[in-house]
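Below is one structure, written out as structure tokens, with a few remarks after it.
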Amino acid sequence: MSLSRRAFLATSAAVTLHSSLAHAADKKKKLVMIAGSPSHGPGDHEFNAGVRLLDKCLKDYPGLETVVFLNGYPKDDSALDTADAILCYADGGANHPLVREKRLERIGKLMAKGVGLMCAHYGVEVPKDLGGPEFKDWIGGYYEHMYSCNPMWSPEFKEFPKHPIANGVKPFSVKDEWYFNMRFRDEMKGITPILSAKPADTVRDGRYVYPPGPYKHIQDAKGRSETMMWALERENGGRGVGFTGGHHHRNWKDDNYRKVVLNALVWLCKLDVPKDGVKSEVTEEDMRANLDPKGKK
């Protein structure tokens, strides 16, 4: 082969490599957000409106593409095949969208590829023998019936870890159905608590939303700080997040409440979270938009 021919091939290979690297750098991360079917009364469990609001806040985020599915798990879930991360904000338990119809196997294959997963509010609850072990692996922990509890209360979130999800988040407190006493991985392996606070004795003593409690093991832990949002770095490089708030739609109006969740979604996709966190503005009109038709509001 002539010297000129070799030089030509080397140049062509270099151009192709540069083009491939540039394309990879330009390729956006895909976040798929699944909103659950309507449940509860007006203003609560507004999964469709909540996901649309988060989507609006992330619409112009650099390097991010969002795909939204409303009213439950999508009939055509092929978008998950190219997802970098998934948010599931929905009712949980035995009817959890990721548990029903043998979907644990489907989601498990995505998790094995390193796809990120965040579950919010009721979406962190799965049966301990159907989803429990998987959720400990995928997001670090889950709400276990009669082990975890679900009071309505106002935690005081005063201190935050040095973690991208906490970037720019200032102390805040909002009343919500903040679950705690999650069934976490042993020794919290790979888990970083993000939102933690100490429940007052009156919170531990009940009443919880369901069953009303109190539970003795919750009462016996008086004085202990509890984790209500956490981040997981999985062994295969995938990421997971659990967020137990999200019951009252009105809470998305709180800048810090909203910011910590937006930060988490960006981090989940392995994008850089700004030093001051993800900035967003939400109006009263935004808060009233897309609410499910549940009767008088």
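By order of appearance in the structure tokens: chains A, B, ..., then residues from 1 within every chain, and ligands from 1 in the order shown.
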Item to complete: For A:Ser148, work out the shell of residues within 8 Å, counting only C-alpha atoms and skipping chain neighbours fewer than 3 positions away, then give it as a list in words.
Response: Tyr143, Glu144, His145, Tyr179, Phe180, Asn181, Met182 and Arg183 of chain A
Distance query A:Phe157 at most 8 Å, only C-alpha atoms, self and fewer than 2 positions along chain excluded, as a PDB file with all heavy atoms, in the first residue's frame:
```pdb
ATOM      1  N   PRO A 155     -41.974  17.565  58.419  1.00  0.00           N
ATOM      2  CA  PRO A 155     -40.573  17.437  58.822  1.00  0.00           C
ATOM      3  C   PRO A 155     -39.826  18.757  58.618  1.00  0.00           C
ATOM      4  O   PRO A 155     -40.141  19.531  57.712  1.00  0.00           O
ATOM      5  CB  PRO A 155     -40.013  16.370  57.877  1.00  0.00           C
ATOM      6  CG  PRO A 155     -41.195  15.733  57.231  1.00  0.00           C
ATOM      7  CD  PRO A 155     -42.279  16.740  57.235  1.00  0.00           C
ATOM      8  N   GLU A 159     -30.569  20.159  57.307  1.00  0.00           N
ATOM      9  CA  GLU A 159     -29.208  19.886  56.852  1.00  0.00           C
ATOM     10  C   GLU A 159     -29.238  18.897  55.694  1.00  0.00           C
ATOM     11  O   GLU A 159     -30.094  18.011  55.649  1.00  0.00           O
ATOM     12  CB  GLU A 159     -28.360  19.325  58.003  1.00  0.00           C
ATOM     13  CG  GLU A 159     -28.207  20.278  59.168  1.00  0.00           C
ATOM     14  CD  GLU A 159     -27.379  19.679  60.289  1.00  0.00           C
ATOM     15  OE1 GLU A 159     -27.053  18.470  60.205  1.00  0.00           O
ATOM     16  OE2 GLU A 159     -27.064  20.400  61.239  1.00  0.00           O
ATOM     17  N   PHE A 160     -28.291  19.058  54.794  1.00  0.00           N
ATOM     18  CA  PHE A 160     -28.264  18.236  53.586  1.00  0.00           C
ATOM     19  C   PHE A 160     -26.853  17.722  53.338  1.00  0.00           C
ATOM     20  O   PHE A 160     -25.866  18.362  53.701  1.00  0.00           O
ATOM     21  CB  PHE A 160     -28.745  19.055  52.382  1.00  0.00           C
ATOM     22  CG  PHE A 160     -30.055  19.753  52.620  1.00  0.00           C
ATOM     23  CD1 PHE A 160     -30.087  21.092  52.972  1.00  0.00           C
ATOM     24  CD2 PHE A 160     -31.250  19.068  52.526  1.00  0.00           C
ATOM     25  CE1 PHE A 160     -31.289  21.743  53.225  1.00  0.00           C
ATOM     26  CE2 PHE A 160     -32.457  19.695  52.767  1.00  0.00           C
ATOM     27  CZ  PHE A 160     -32.483  21.036  53.125  1.00  0.00           C
ATOM     28  N   PRO A 171     -33.012  24.966  53.690  1.00  0.00           N
ATOM     29  CA  PRO A 171     -33.933  24.361  54.670  1.00  0.00           C
ATOM     30  C   PRO A 171     -35.395  24.674  54.334  1.00  0.00           C
ATOM     31  O   PRO A 171     -35.728  25.804  53.951  1.00  0.00           O
ATOM     32  CB  PRO A 171     -33.506  25.010  55.983  1.00  0.00           C
ATOM     33  CG  PRO A 171     -32.042  25.267  55.802  1.00  0.00           C
ATOM     34  CD  PRO A 171     -31.916  25.693  54.363  1.00  0.00           C
ATOM     35  N   PHE A 172     -36.249  23.656  54.469  1.00  0.00           N
ATOM     36  CA  PHE A 172     -37.667  23.856  54.184  1.00  0.00           C
ATOM     37  C   PHE A 172     -38.494  22.866  54.989  1.00  0.00           C
ATOM     38  O   PHE A 172     -37.985  21.882  55.538  1.00  0.00           O
ATOM     39  CB  PHE A 172     -37.955  23.701  52.688  1.00  0.00           C
ATOM     40  CG  PHE A 172     -37.857  22.303  52.139  1.00  0.00           C
ATOM     41  CD1 PHE A 172     -39.004  21.525  51.939  1.00  0.00           C
ATOM     42  CD2 PHE A 172     -36.625  21.740  51.811  1.00  0.00           C
ATOM     43  CE1 PHE A 172     -38.921  20.235  51.419  1.00  0.00           C
ATOM     44  CE2 PHE A 172     -36.533  20.451  51.288  1.00  0.00           C
ATOM     45  CZ  PHE A 172     -37.680  19.704  51.093  1.00  0.00           C
ATOM     46  N   SER A 173     -39.775  23.130  55.045  1.00  0.00           N
ATOM     47  CA  SER A 173     -40.713  22.237  55.726  1.00  0.00           C
ATOM     48  C   SER A 173     -42.080  22.380  55.074  1.00  0.00           C
ATOM     49  O   SER A 173     -42.578  23.495  54.911  1.00  0.00           O
ATOM     50  CB  SER A 173     -40.812  22.584  57.218  1.00  0.00           C
ATOM     51  OG  SER A 173     -41.746  21.743  57.872  1.00  0.00           O
ATOM     52  N   LEU A 195     -32.978  13.671  52.212  1.00  0.00           N
ATOM     53  CA  LEU A 195     -33.885  14.407  53.100  1.00  0.00           C
ATOM     54  C   LEU A 195     -34.118  13.576  54.355  1.00  0.00           C
ATOM     55  O   LEU A 195     -34.684  12.475  54.292  1.00  0.00           O
ATOM     56  CB  LEU A 195     -35.222  14.682  52.420  1.00  0.00           C
ATOM     57  CG  LEU A 195     -35.213  15.606  51.203  1.00  0.00           C
ATOM     58  CD1 LEU A 195     -36.633  15.786  50.667  1.00  0.00           C
ATOM     59  CD2 LEU A 195     -34.593  16.962  51.527  1.00  0.00           C
ATOM     60  N   SER A 196     -33.654  14.095  55.486  1.00  0.00           N
ATOM     61  CA  SER A 196     -33.800  13.387  56.759  1.00  0.00           C
ATOM     62  C   SER A 196     -34.248  14.366  57.832  1.00  0.00           C
ATOM     63  O   SER A 196     -33.905  15.555  57.792  1.00  0.00           O
ATOM     64  CB  SER A 196     -32.476  12.736  57.184  1.00  0.00           C
ATOM     65  OG  SER A 196     -32.039  11.805  56.221  1.00  0.00           O
ATOM     66  N   ALA A 197     -35.018  13.873  58.786  1.00  0.00           N
ATOM     67  CA  ALA A 197     -35.494  14.696  59.900  1.00  0.00           C
ATOM     68  C   ALA A 197     -35.939  13.779  61.028  1.00  0.00           C
ATOM     69  O   ALA A 197     -36.168  12.582  60.828  1.00  0.00           O
ATOM     70  CB  ALA A 197     -36.651  15.588  59.461  1.00  0.00           C
TER      71      ALA A 197
END
```
Practice prompt. Figure out the distance between atom CA of A:Asn95 and atom CA of A:Asn263, please, to one decimal in Å.
Written response: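 Separation of atom CA of A:Asn263 and atom CA of A:Asn95: 28.0 Å.
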Worksheet item: Smallest atom-to-atom distance to A:Val51: which of A:Trp153, A:Tyr215, A:Phe69, A:Phe135, using only C-alpha atoms?
Response: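 The answer is A:Phe69, which sits nearest to A:Val51.
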Item to complete: Fewer than 2 positions away in the same chain doesn't count, so skip those; otherwise give me all residues within 12 Å of stretch 185-194 of chain A, counting only C-alpha atoms, as a PyMOL selection string.
Response: chain A and resi 132-142+157-167+169+180+182-183+196-197+225-244+257+260-261+263-264
Practice prompt. Go ahead and compute the interatomic distance for atom CA of A:Glu285 and atom CA of A:His249, in Å to one decimal.
Written response: 13.1 Å
Discussion item. Residues within 12 Å of A:Arg258, please, as an NGL selection string. Count only C-alpha atoms; anything in the same chain fewer than 2 positions from it doesn't count.
Written reply: :A and (50-51 or 53-55 or 57-58 or 165-166 or 168-170 or 172 or 174 or 243 or 245-246 or 249-256 or 260-265 or 277-282)
Discussion item. My list of candidates is A:Val68, A:Ala120, A:Leu80, A:Leu130. Which is closest to A:Ala94 when distances are computed with only C-alpha atoms?
Written reply: A:Leu130
Item to complete: For A:Gly92, please output as a list in words all residues within 7 Å (counting only C-alpha atoms; exclusion window: fewer than 5 positions along the same chain).
Response: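 These residues fall inside the cut-off: Tyr122, Gly123, Val124, Glu125 and Val126 of chain A.
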Dump N, CA and C atoms for the selected residues as a PDB file, in the first residue's frame?
```
ATOM      1  N   TYR A 122     -46.366   6.993  46.756  1.00  0.00           N
ATOM      2  CA  TYR A 122     -46.891   5.626  46.862  1.00  0.00           C
ATOM      3  C   TYR A 122     -46.100   4.676  45.959  1.00  0.00           C
ATOM      4  N   GLY A 123     -45.452   5.245  44.961  1.00  0.00           N
ATOM      5  CA  GLY A 123     -44.642   4.451  44.051  1.00  0.00           C
ATOM      6  C   GLY A 123     -43.444   3.780  44.692  1.00  0.00           C
ATOM      7  N   VAL A 124     -43.102   4.138  45.944  1.00  0.00           N
ATOM      8  CA  VAL A 124     -42.003   3.437  46.628  1.00  0.00           C
ATOM      9  C   VAL A 124     -42.504   2.194  47.362  1.00  0.00           C
ATOM     10  N   GLU A 125     -43.827   1.970  47.368  1.00  0.00           N
ATOM     11  CA  GLU A 125     -44.360   0.794  48.068  1.00  0.00           C
ATOM     12  C   GLU A 125     -44.621  -0.363  47.107  1.00  0.00           C
ATOM     13  N   VAL A 126     -44.058  -1.506  47.445  1.00  0.00           N
ATOM     14  CA  VAL A 126     -44.318  -2.751  46.713  1.00  0.00           C
ATOM     15  C   VAL A 126     -44.452  -3.872  47.741  1.00  0.00           C
TER      16      VAL A 126
END
```
Practice prompt. To one decimal in Å, tell me the separation between atom CA of A:Pro199 and atom CA of A:Pro127.
Written response: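 Between atom CA of A:Pro199 and atom CA of A:Pro127 the gap is 25.0 Å.
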Practice prompt. Write down as a list in words the residues belonging to stretch 92-127 of chain A that are assigned alpha helix (DSSP H) by DSSP computed on the backbone.
Written response: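 Selecting the alpha helix (DSSP H) positions of stretch 92-127 of chain A gives Arg103, Leu104, Glu105, Arg106, Ile107, Gly108, Lys109, Leu110, Met111 and Ala112 of chain A.
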Fill in: Nearest candidate to A:Met287 (options A:Arg204, A:Lys30, A:Arg103, A:His248; using only C-alpha atoms)
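Distance minimum relative to A:Met287 lands on A:His248.
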Practice prompt. Considering only C-alpha atoms, state which residue in the set A:Val266, A:Val99, A:Gly108, A:Thr283 is at the smallest distance from A:Glu65.
Written response: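 Among the listed residues, A:Val266 lies closest to A:Glu65.
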Worksheet item: Where in stretch 66-259 of chain A does DSSP assign strand (DSSP E or B), given as an MDAnalysis selection string?
Response: chainID A and resid 66:69 85:89 116:120 125 141:143 149 152:153 157 172 176:177 180 183:184 191:197 226:233 239:243 248
Worksheet entry | For A:Asp44, the nearest of the candidates A:Leu31, A:Met146, A:Ala90, A:Ala79, counting only C-alpha atoms |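 Result for the nearest residue to A:Asp44: A:Ala90.
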